[in-house]
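Student: Encoded as structure tokens, here's the structure I'll be asking about.
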Amino acid sequence: MDFFFIVPVLALMTMFAVIVMAIKSKHDTEKRLASAEAPKSSLAADGPSK
């Protein structure tokens, strides 16, 4: 294997992994926002206050 072959392959694999993690995180966030059981943020106007 040549150095000029390995580096681009590793870069593409890294970019693919980051994209997959971003899509999963986006999906999880949207699922949590749609959930009625999710607790309100303490920064929200109608959230719990201390």
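Note on naming: chains are A, B, ... as they come in the structure tokens, residues start from 1 per chain, ligands start from 1 in the order shown.
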Please extract the residues of chain A with a backbone DSSP assignment of helix (DSSP H, G or I) and present them as a VMD selection string.

Tutor: chain A and resid 3 to 34

Student: Have a look at atom CA of Lys24 of chain A and atom CA of Pro48 of chain A and let me know their distance in Å, one decimal.

Tutor: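 One can read the atom CA of Lys24 of chain A to atom CA of Pro48 of chain A distance as 28.6 Å.
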
Student: In Å, how far is it from atom CA of Ala36 of chain A to atom CA of Ile23 of chain A?

Tutor: 22.1 Å

Student: Just how far from atom CA of His27 of chain A is atom CA of Ala44 of chain A, in Å to one decimal?

Tutor: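 Atom CA of His27 of chain A lies at a distance of 21.9 Å from atom CA of Ala44 of chain A.
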